[in-house]
Amino acid sequence: MAPRPLVAGNWKMNGSRAALKELAAMAEGYDAALRAKVDLMICPPAPLVFLASAAALGSRIAIGGQTCHPESSGAFTGEVSAAMLADAGASAVIVGHSERRQYNRETDADVAARAKAAIAEGLTAIVCVGETQAEREAGKALAVVARQLGRSVPEGATPQTVIVAYEPVWAIGTGLTPTTDDVAEVHALIRKRLVSRHGRQAAGIRLLYGGSVKPANAKDLMGVADVDGALVGGASLKAADFLAIAAAFR
Ligand code: PGA
C-alpha cells in the first residue's frame with residue numbers, strides 16, 4: 001500500500017502570533033474530502049509551536065518543530081530540545097534542513113543525533129537530504145543524497161519514526177525545480193536504499209519532495225512515483241497557497 005501523503009509547511013524564521021490566522025484558515029479549508037486524501041502539517045518557529053498546537057487542536061493539522069538539540073535538557077543556551085517540542089504539542093520535527101547544514105554547520109552525524117533524540121521523544125523525524133547546484137552539475141547528486149541518507153537516518157527507521165525530504169539545495173527558494181524525471185530518479189534511489197537498510201517496513205516511509213513547490217507545479221511534482229508529499233517553504237505561509245498545493249491530492 002502506498003504511504004498516505006503528507007504536505008508539510010516549513011515557516012522557517014517567519015511568522016508571528018498574527019500569522020496564526022493563516023493556520024486557522026488552513027484548518028477551515030482542510031475539509032473532509034481533503035482530509036480523506038492527505039495529511040497536513042505546519043512547522044512554525046519555536047516560539048509559536050505551543051500556540052500553533054493550541055490553534056490547530058481539533059483540525060487534524062499536525063504541528064512540527066524546525067530542528068531540535070540532541071540532548072533533552074541542559075546548559076545549551078538558545079537551543080530547543082525534542083522533549084520541549086513534544087511538550088509544546090509537536091508531533092514531528094525537521095532535522096538536517098539544508099539551511100541548518102549550511103549556516104549552522106550541521107554534519108550528517110549531527111543530523112542523525114537530532115533525529116535519534118526526536119524519535120526517543122516520540123516525534124517523527126523529518127530528515128532532509130539534497131545536493132547543491134555544484135554537486136548536481138558534477139553528476140554527484142545521487143551519490144550525495146545516498147551518503148546523506150545513509151549517515152543522517154538512524155538505524156531501524158519505520159514509517160512512524162522517520163520521514164525523508166529530498167530538497168535539492170538549488171531549488172529552495174529559487175523558483176527552480178528539478179525535472180520530474182530527476183525527482184523520480186532520486187526518490188527511487190532513496191526508497192531502494194531505505195528498504196535495503198531498514199527492511200520491508202521502510203517501503204511505508206513517506207518521501208517528500210521540497211524546493212519551490214507552488215500551486216502551479218504541485219500536481220506535476222506530486223504525481224511522480226515515490227513522491228508521497230511535499231515540504232513547502234515560502235508557499236506554506238499563506239493558507240490559500242498551502243491548501244492549493246494540498247489540493248494536488250484531491
Ligand atoms: P521553498 O522552501 O518552498 O521556499 O523553496 C522549501 C524548504 O526549504 O523546505
# chains A, B, ... in the order shown; residues from 1 in each chain; ligands from 1
call {"tool": "closest_atom_pairs", "arguments": {"of": "chain A", "to": "ligand 1", "cutoff": "7 Å", "atoms": "only C-alpha atoms and all ligand atoms", "output": "JSON lines"}}
result
{"residue": "A:Asn10", "atom": "CA", "partner": "ligand 1", "partner_atom_place_in_ligand_line": "9 (O)", "distance": 5.7}
{"residue": "A:Glu167", "atom": "CA", "partner": "ligand 1", "partner_atom_place_in_ligand_line": "9 (O)", "distance": 6.9}
{"residue": "A:Ala171", "atom": "CA", "partner": "ligand 1", "partner_atom_place_in_ligand_line": "5 (O)", "distance": 6.0}
{"residue": "A:Ile172", "atom": "CA", "partner": "ligand 1", "partner_atom_place_in_ligand_line": "5 (O)", "distance": 3.5}
{"residue": "A:Gly173", "atom": "CA", "partner": "ligand 1", "partner_atom_place_in_ligand_line": "5 (O)", "distance": 3.5}
{"residue": "A:Thr174", "atom": "CA", "partner": "ligand 1", "partner_atom_place_in_ligand_line": "5 (O)", "distance": 6.3}
{"residue": "A:Gly175", "atom": "CA", "partner": "ligand 1", "partner_atom_place_in_ligand_line": "5 (O)", "distance": 6.8}
{"residue": "A:Gly210", "atom": "CA", "partner": "ligand 1", "partner_atom_place_in_ligand_line": "6 (C)", "distance": 5.1}
{"residue": "A:Gly211", "atom": "CA", "partner": "ligand 1", "partner_atom_place_in_ligand_line": "5 (O)", "distance": 3.8}
{"residue": "A:Ser212", "atom": "CA", "partner": "ligand 1", "partner_atom_place_in_ligand_line": "5 (O)", "distance": 3.5}
{"residue": "A:Val213", "atom": "CA", "partner": "ligand 1", "partner_atom_place_in_ligand_line": "3 (O)", "distance": 5.2}
{"residue": "A:Leu231", "atom": "CA", "partner": "ligand 1", "partner_atom_place_in_ligand_line": "9 (O)", "distance": 5.1}
{"residue": "A:Val232", "atom": "CA", "partner": "ligand 1", "partner_atom_place_in_ligand_line": "3 (O)", "distance": 4.1}
{"residue": "A:Gly233", "atom": "CA", "partner": "ligand 1", "partner_atom_place_in_ligand_line": "3 (O)", "distance": 3.4}
{"residue": "A:Gly234", "atom": "CA", "partner": "ligand 1", "partner_atom_place_in_ligand_line": "4 (O)", "distance": 3.8}
{"residue": "A:Ala235", "atom": "CA", "partner": "ligand 1", "partner_atom_place_in_ligand_line": "3 (O)", "distance": 6.0}
call {"tool": "write_last_selection", "arguments": {"atoms": "N, CA and C atoms", "output": "PDB file, in the first residue's frame"}}
result
ATOM      1  N   ASN A  10       7.062  24.496   6.129  1.00  0.00           N
ATOM      2  CA  ASN A  10       8.176  24.955   6.954  1.00  0.00           C
ATOM      3  C   ASN A  10       8.178  26.476   6.909  1.00  0.00           C
ATOM      4  N   GLU A 167      15.337  17.588  -0.825  1.00  0.00           N
ATOM      5  CA  GLU A 167      15.297  19.006  -1.143  1.00  0.00           C
ATOM      6  C   GLU A 167      16.607  19.424  -1.801  1.00  0.00           C
ATOM      7  N   ALA A 171      17.109  24.338  -5.440  1.00  0.00           N
ATOM      8  CA  ALA A 171      15.680  24.534  -5.742  1.00  0.00           C
ATOM      9  C   ALA A 171      14.963  25.263  -4.612  1.00  0.00           C
ATOM     10  N   ILE A 172      15.642  25.424  -3.470  1.00  0.00           N
ATOM     11  CA  ILE A 172      14.977  26.008  -2.297  1.00  0.00           C
ATOM     12  C   ILE A 172      14.926  27.528  -2.425  1.00  0.00           C
ATOM     13  N   GLY A 173      13.712  28.046  -2.468  1.00  0.00           N
ATOM     14  CA  GLY A 173      13.501  29.489  -2.502  1.00  0.00           C
ATOM     15  C   GLY A 173      13.939  30.165  -3.783  1.00  0.00           C
ATOM     16  N   THR A 174      14.199  29.396  -4.824  1.00  0.00           N
ATOM     17  CA  THR A 174      14.724  29.961  -6.060  1.00  0.00           C
ATOM     18  C   THR A 174      13.703  29.994  -7.192  1.00  0.00           C
ATOM     19  N   GLY A 175      12.612  29.246  -7.041  1.00  0.00           N
ATOM     20  CA  GLY A 175      11.663  29.117  -8.142  1.00  0.00           C
ATOM     21  C   GLY A 175      12.087  28.072  -9.160  1.00  0.00           C
ATOM     22  N   GLY A 210      10.849  18.636  -1.699  1.00  0.00           N
ATOM     23  CA  GLY A 210      10.802  20.043  -1.306  1.00  0.00           C
ATOM     24  C   GLY A 210      11.728  20.886  -2.150  1.00  0.00           C
ATOM     25  N   GLY A 211      11.361  22.150  -2.339  1.00  0.00           N
ATOM     26  CA  GLY A 211      12.156  23.077  -3.155  1.00  0.00           C
ATOM     27  C   GLY A 211      11.261  23.715  -4.197  1.00  0.00           C
ATOM     28  N   SER A 212      10.799  24.953  -3.874  1.00  0.00           N
ATOM     29  CA  SER A 212       9.970  25.730  -4.802  1.00  0.00           C
ATOM     30  C   SER A 212       8.683  25.024  -5.225  1.00  0.00           C
ATOM     31  N   VAL A 213       8.105  24.253  -4.299  1.00  0.00           N
ATOM     32  CA  VAL A 213       6.775  23.700  -4.590  1.00  0.00           C
ATOM     33  C   VAL A 213       5.760  24.841  -4.493  1.00  0.00           C
ATOM     34  N   LEU A 231       7.436  19.120   1.125  1.00  0.00           N
ATOM     35  CA  LEU A 231       7.872  20.010   2.197  1.00  0.00           C
ATOM     36  C   LEU A 231       7.945  21.397   1.562  1.00  0.00           C
ATOM     37  N   VAL A 232       7.100  22.290   2.061  1.00  0.00           N
ATOM     38  CA  VAL A 232       6.864  23.567   1.389  1.00  0.00           C
ATOM     39  C   VAL A 232       7.363  24.713   2.260  1.00  0.00           C
ATOM     40  N   GLY A 233       8.196  25.580   1.709  1.00  0.00           N
ATOM     41  CA  GLY A 233       8.672  26.743   2.445  1.00  0.00           C
ATOM     42  C   GLY A 233       7.768  27.943   2.201  1.00  0.00           C
ATOM     43  N   GLY A 234       8.201  28.820   1.304  1.00  0.00           N
ATOM     44  CA  GLY A 234       7.508  30.086   1.050  1.00  0.00           C
ATOM     45  C   GLY A 234       5.998  29.958   0.865  1.00  0.00           C
ATOM     46  N   ALA A 235       5.593  28.952   0.104  1.00  0.00           N
ATOM     47  CA  ALA A 235       4.159  28.825  -0.211  1.00  0.00           C
ATOM     48  C   ALA A 235       3.347  28.239   0.943  1.00  0.00           C
TER      49      ALA A 235
END
call {"tool": "select_by_dssp", "arguments": {"residues": "range 11-175 of chain A", "states": "alpha helix (DSSP H)", "output": "count of residues only"}}
result
64
call {"tool": "select_by_dssp", "arguments": {"residues": "range 7-233 of chain A", "states": "strand (DSSP E)", "output": "number ranges by chain"}}
result
A: 7-10, 39-43, 61-65, 92-95, 124-129, 162-166, 206-210, 229-232
call {"tool": "closest_residue", "arguments": {"among": "A:Gly122, A:Gly139, A:Gly204, A:Gly78", "to": "Pro159 in chain A", "atoms": "only C-alpha atoms"}}
result
A:Gly204
call {"tool": "closest_residue", "arguments": {"among": "A:Thr107, A:Asn14, A:Gln66, A:Ser81", "to": "Lys238 in chain A", "atoms": "only C-alpha atoms"}}
result
A:Asn14
call {"tool": "residues_around", "arguments": {"residues": "range 33-44 of chain A", "least_positions_apart": "2", "cutoff": "8 Å", "atoms": "only C-alpha atoms", "output": "NGL selection string"}}
result
:A and (4-15 or 30-31 or 46 or 48-49 or 52 or 60-66 or 93-94 or 236 or 246-247 or 249-250)
call {"tool": "write_last_selection", "arguments": {"atoms": "N, CA, C and O atoms", "output": "tab-separated table (two decimals), in the first residue's frame"}}
result
chain	number	residue	atom	x	y	z
A	4	ARG	N	0.44	7.16	3.05
A	4	ARG	CA	-0.53	8.25	3.00
A	4	ARG	C	0.21	9.57	2.77
A	4	ARG	O	1.19	9.86	3.47
A	5	PRO	N	-0.22	10.36	1.81
A	5	PRO	CA	0.52	11.59	1.51
A	5	PRO	C	0.51	12.60	2.66
A	5	PRO	O	-0.41	12.62	3.47
A	6	LEU	N	1.55	13.42	2.67
A	6	LEU	CA	1.69	14.49	3.67
A	6	LEU	C	2.19	15.75	2.98
A	6	LEU	O	3.17	15.70	2.24
A	7	VAL	N	1.52	16.85	3.23
A	7	VAL	CA	2.05	18.15	2.81
A	7	VAL	C	2.41	18.90	4.08
A	7	VAL	O	1.55	19.17	4.92
A	8	ALA	N	3.70	19.18	4.24
A	8	ALA	CA	4.21	19.84	5.44
A	8	ALA	C	4.72	21.22	5.06
A	8	ALA	O	5.39	21.39	4.04
A	9	GLY	N	4.43	22.19	5.90
A	9	GLY	CA	4.89	23.57	5.66
A	9	GLY	C	5.99	23.93	6.65
A	9	GLY	O	5.86	23.67	7.85
A	10	ASN	N	7.06	24.50	6.13
A	10	ASN	CA	8.18	24.95	6.95
A	10	ASN	C	8.18	26.48	6.91
A	10	ASN	O	8.54	27.07	5.89
A	11	TRP	N	7.77	27.07	8.02
A	11	TRP	CA	7.67	28.54	8.04
A	11	TRP	C	9.04	29.21	8.19
A	11	TRP	O	9.16	30.42	8.10
A	12	LYS	N	10.06	28.43	8.48
A	12	LYS	CA	11.42	28.98	8.70
A	12	LYS	C	11.35	30.10	9.74
A	12	LYS	O	10.54	30.02	10.65
A	13	MET	N	12.16	31.16	9.60
A	13	MET	CA	12.13	32.23	10.61
A	13	MET	C	11.13	33.30	10.16
A	13	MET	O	11.47	34.48	10.00
A	14	ASN	N	9.90	32.85	9.96
A	14	ASN	CA	8.82	33.74	9.54
A	14	ASN	C	7.60	33.44	10.40
A	14	ASN	O	7.40	32.31	10.82
A	15	GLY	N	6.79	34.46	10.58
A	15	GLY	CA	5.54	34.25	11.29
A	15	GLY	C	5.55	34.85	12.66
A	15	GLY	O	6.60	35.06	13.28
A	30	TYR	N	-9.36	22.74	5.33
A	30	TYR	CA	-8.99	21.31	5.36
A	30	TYR	C	-10.26	20.50	5.58
A	30	TYR	O	-10.52	20.02	6.68
A	31	ASP	N	-11.03	20.39	4.53
A	31	ASP	CA	-12.36	19.78	4.65
A	31	ASP	C	-12.27	18.26	4.62
A	31	ASP	O	-11.20	17.68	4.43
A	46	ALA	N	10.02	28.09	16.75
A	46	ALA	CA	9.83	27.53	18.09
A	46	ALA	C	8.90	28.34	19.01
A	46	ALA	O	8.07	27.73	19.70
A	48	LEU	N	6.31	29.78	18.46
A	48	LEU	CA	4.90	29.65	18.08
A	48	LEU	C	4.39	28.23	18.19
A	48	LEU	O	3.21	27.97	17.96
A	49	VAL	N	5.26	27.27	18.52
A	49	VAL	CA	4.83	25.86	18.48
A	49	VAL	C	3.66	25.60	19.43
A	49	VAL	O	2.67	24.97	19.05
A	52	ALA	N	0.54	27.42	18.16
A	52	ALA	CA	0.06	26.79	16.93
A	52	ALA	C	-0.60	25.45	17.24
A	52	ALA	O	-1.64	25.11	16.64
A	60	ARG	N	-6.90	18.40	12.99
A	60	ARG	CA	-6.08	17.34	12.42
A	60	ARG	C	-4.90	17.87	11.62
A	60	ARG	O	-4.25	17.12	10.89
A	61	ILE	N	-4.58	19.15	11.71
A	61	ILE	CA	-3.32	19.65	11.16
A	61	ILE	C	-2.26	19.42	12.25
A	61	ILE	O	-2.42	19.87	13.38
A	62	ALA	N	-1.21	18.68	11.89
A	62	ALA	CA	-0.15	18.40	12.85
A	62	ALA	C	0.79	19.59	12.93
A	62	ALA	O	0.91	20.38	11.99
A	63	ILE	N	1.47	19.71	14.06
A	63	ILE	CA	2.45	20.79	14.26
A	63	ILE	C	3.83	20.16	14.48
A	63	ILE	O	3.96	19.15	15.19
A	64	GLY	N	4.84	20.76	13.85
A	64	GLY	CA	6.20	20.24	13.99
A	64	GLY	C	7.18	21.35	14.31
A	64	GLY	O	6.89	22.54	14.13
A	65	GLY	N	8.35	20.96	14.79
A	65	GLY	CA	9.44	21.90	15.00
A	65	GLY	C	10.33	21.94	13.77
A	65	GLY	O	10.14	21.18	12.82
A	66	GLN	N	11.32	22.84	13.78
A	66	GLN	CA	12.21	23.01	12.62
A	66	GLN	C	13.61	22.43	12.85
A	66	GLN	O	14.39	22.28	11.92
A	93	VAL	N	9.50	16.79	13.89
A	93	VAL	CA	10.48	17.87	13.81
A	93	VAL	C	11.35	17.66	12.56
A	93	VAL	O	11.72	16.53	12.23
A	94	ILE	N	11.59	18.75	11.86
A	94	ILE	CA	12.51	18.72	10.71
A	94	ILE	C	13.93	18.65	11.27
A	94	ILE	O	14.26	19.38	12.21
A	236	SER	N	4.00	27.99	2.09
A	236	SER	CA	3.22	27.49	3.24
A	236	SER	C	2.80	28.62	4.18
A	236	SER	O	2.12	28.40	5.17
A	246	ALA	N	-1.93	21.30	-1.37
A	246	ALA	CA	-2.54	20.07	-0.83
A	246	ALA	C	-3.60	19.52	-1.78
A	246	ALA	O	-3.79	18.31	-1.90
A	247	ALA	N	-4.25	20.45	-2.48
A	247	ALA	CA	-5.33	20.04	-3.38
A	247	ALA	C	-4.83	19.19	-4.55
A	247	ALA	O	-5.64	18.56	-5.23
A	249	PHE	N	-3.69	16.52	-4.20
A	249	PHE	CA	-4.06	15.15	-3.80
A	249	PHE	C	-5.57	14.94	-3.75
A	249	PHE	O	-6.01	13.86	-3.39
A	250	ARG	N	-6.35	15.94	-4.08
A	250	ARG	CA	-7.81	15.81	-4.03
A	250	ARG	C	-8.33	14.74	-4.96
A	250	ARG	O	-7.83	14.57	-6.04
call {"tool": "atom_distance", "arguments": {"atom1": "CA of Arg136 in chain A", "atom2": "CA of Asp182 in chain A"}}
result
10.4 Å
call {"tool": "closest_residue", "arguments": {"among": "A:Leu221, A:Cys128, A:Ala75, A:Val164", "to": "Ala184 in chain A", "atoms": "only C-alpha atoms"}}
result
A:Leu221
call {"tool": "closest_atom_pairs", "arguments": {"of": "range 129-162 of chain A", "to": "range 194-203 of chain A", "cutoff": "7 Å", "atoms": "only C-alpha atoms", "output": "tab-separated table"}}
result
residue	atom	partner	partner_atom	distance
A:Gly156	CA	A:His198	CA	5.5
A:Ala157	CA	A:His198	CA	6.1
A:Thr158	CA	A:Ala202	CA	5.7
A:Pro159	CA	A:Ala202	CA	6.5
call {"tool": "residues_around", "arguments": {"residues": "Lys116 in chain A", "least_positions_apart": "2", "cutoff": "9 Å", "atoms": "only C-alpha atoms", "output": "PyMOL selection string"}}
result
chain A and resi 70+111-114+118-121+125+153-155
call {"tool": "residues_around", "arguments": {"residues": "Ala225 in chain A", "least_positions_apart": "5", "cutoff": "9 Å", "atoms": "only C-alpha atoms", "output": "list in words"}}
result
Val183, Ala184, His187 and Ala188 of chain A
call {"tool": "write_last_selection", "arguments": {"atoms": "C-alpha atoms", "output": "CSV table (one decimal), in the first residue's frame"}}
result
chain,number,residue,atom,x,y,z
A,183,VAL,CA,12.9,13.8,-8.9
A,184,ALA,CA,11.8,10.2,-9.8
A,187,HIS,CA,13.2,9.2,-4.9
A,188,ALA,CA,13.6,5.7,-6.4
call {"tool": "closest_residue", "arguments": {"among": "A:Ala115, A:Val144, A:Ile205, A:Ala18", "to": "Val95 in chain A", "atoms": "only C-alpha atoms"}}
result
A:Ala115
call {"tool": "decode", "arguments": {"residues": "range 57-158 of chain A", "atoms": "C-alpha atoms", "output": "tab-separated table (two decimals), in the first residue's frame"}}
result
chain	number	residue	atom	x	y	z
A	57	LEU	CA	-6.40	21.46	18.07
A	58	GLY	CA	-9.28	19.54	16.58
A	59	SER	CA	-8.30	20.38	12.99
A	60	ARG	CA	-6.08	17.34	12.42
A	61	ILE	CA	-3.32	19.65	11.16
A	62	ALA	CA	-0.15	18.40	12.85
A	63	ILE	CA	2.45	20.79	14.26
A	64	GLY	CA	6.20	20.24	13.99
A	65	GLY	CA	9.44	21.90	15.00
A	66	GLN	CA	12.21	23.01	12.62
A	67	THR	CA	15.18	21.49	14.46
A	68	CYS	CA	15.97	20.07	17.89
A	69	HIS	CA	19.06	19.65	20.03
A	70	PRO	CA	20.40	16.11	20.56
A	71	GLU	CA	20.18	16.48	24.37
A	72	SER	CA	16.85	16.62	26.18
A	73	SER	CA	17.88	19.46	28.52
A	74	GLY	CA	20.93	21.21	29.87
A	75	ALA	CA	23.25	24.19	29.50
A	76	PHE	CA	22.75	24.85	25.79
A	77	THR	CA	21.70	28.49	25.59
A	78	GLY	CA	19.29	29.22	22.77
A	79	GLU	CA	18.61	25.59	21.90
A	80	VAL	CA	15.31	23.71	21.88
A	81	SER	CA	15.05	20.01	22.73
A	82	ALA	CA	12.82	17.37	21.21
A	83	ALA	CA	11.26	16.89	24.65
A	84	MET	CA	10.31	20.58	24.71
A	85	LEU	CA	8.77	20.40	21.25
A	86	ALA	CA	6.77	17.32	22.24
A	87	ASP	CA	5.68	19.05	25.45
A	88	ALA	CA	4.54	22.05	23.40
A	89	GLY	CA	2.32	19.85	21.23
A	90	ALA	CA	4.56	19.00	18.26
A	91	SER	CA	4.37	15.52	16.76
A	92	ALA	CA	7.33	15.87	14.39
A	93	VAL	CA	10.48	17.87	13.81
A	94	ILE	CA	12.51	18.72	10.71
A	95	VAL	CA	16.18	17.77	11.08
A	96	GLY	CA	19.08	18.46	8.74
A	97	HIS	CA	17.41	21.12	6.64
A	98	SER	CA	20.00	22.44	4.20
A	99	GLU	CA	19.86	25.86	5.88
A	100	ARG	CA	20.87	24.19	9.17
A	101	ARG	CA	23.55	22.18	7.40
A	102	GLN	CA	24.87	25.35	5.74
A	103	TYR	CA	24.51	28.12	8.36
A	104	ASN	CA	24.87	26.01	11.50
A	105	ARG	CA	27.42	23.62	10.04
A	106	GLU	CA	25.39	20.55	10.94
A	107	THR	CA	27.06	17.39	9.71
A	108	ASP	CA	25.33	14.12	8.84
A	109	ALA	CA	26.33	12.84	12.30
A	110	ASP	CA	24.73	15.91	13.95
A	111	VAL	CA	21.58	15.33	11.94
A	112	ALA	CA	21.45	11.66	12.95
A	113	ALA	CA	21.87	12.62	16.63
A	114	ARG	CA	18.99	15.10	16.35
A	115	ALA	CA	16.82	12.55	14.58
A	116	LYS	CA	17.56	9.98	17.30
A	117	ALA	CA	16.66	12.48	20.03
A	118	ALA	CA	13.40	13.29	18.24
A	119	ILE	CA	12.45	9.63	17.89
A	120	ALA	CA	13.28	8.96	21.55
A	121	GLU	CA	10.72	11.61	22.49
A	122	GLY	CA	8.06	10.07	20.28
A	123	LEU	CA	8.41	12.63	17.50
A	124	THR	CA	8.66	11.77	13.81
A	125	ALA	CA	11.99	12.99	12.42
A	126	ILE	CA	11.68	14.64	9.01
A	127	VAL	CA	15.23	14.09	7.74
A	128	CYS	CA	16.25	16.41	4.88
A	129	VAL	CA	18.75	15.49	2.19
A	130	GLY	CA	19.69	17.13	-1.10
A	131	GLU	CA	22.54	18.13	-3.34
A	132	THR	CA	23.90	21.58	-4.13
A	133	GLN	CA	23.93	23.00	-7.64
A	134	ALA	CA	27.66	22.30	-7.98
A	135	GLU	CA	27.13	18.70	-6.90
A	136	ARG	CA	24.33	18.22	-9.44
A	137	GLU	CA	26.40	19.78	-12.22
A	138	ALA	CA	29.27	17.47	-11.33
A	139	GLY	CA	26.96	14.46	-11.70
A	140	LYS	CA	27.16	13.73	-7.98
A	141	ALA	CA	23.53	14.26	-6.94
A	142	LEU	CA	22.72	10.59	-6.38
A	143	ALA	CA	25.97	9.92	-4.53
A	144	VAL	CA	25.46	12.92	-2.24
A	145	VAL	CA	21.87	12.00	-1.44
A	146	ALA	CA	22.85	8.37	-0.79
A	147	ARG	CA	25.64	9.46	1.55
A	148	GLN	CA	23.45	11.93	3.48
A	149	LEU	CA	20.67	9.37	3.73
A	150	GLY	CA	22.95	6.61	4.99
A	151	ARG	CA	24.55	8.82	7.62
A	152	SER	CA	21.62	11.01	8.70
A	153	VAL	CA	18.82	8.45	9.11
A	154	PRO	CA	19.17	6.44	12.33
A	155	GLU	CA	19.02	2.63	12.42
A	156	GLY	CA	15.66	0.91	12.45
A	157	ALA	CA	13.71	3.66	10.69
A	158	THR	CA	9.97	2.99	10.38
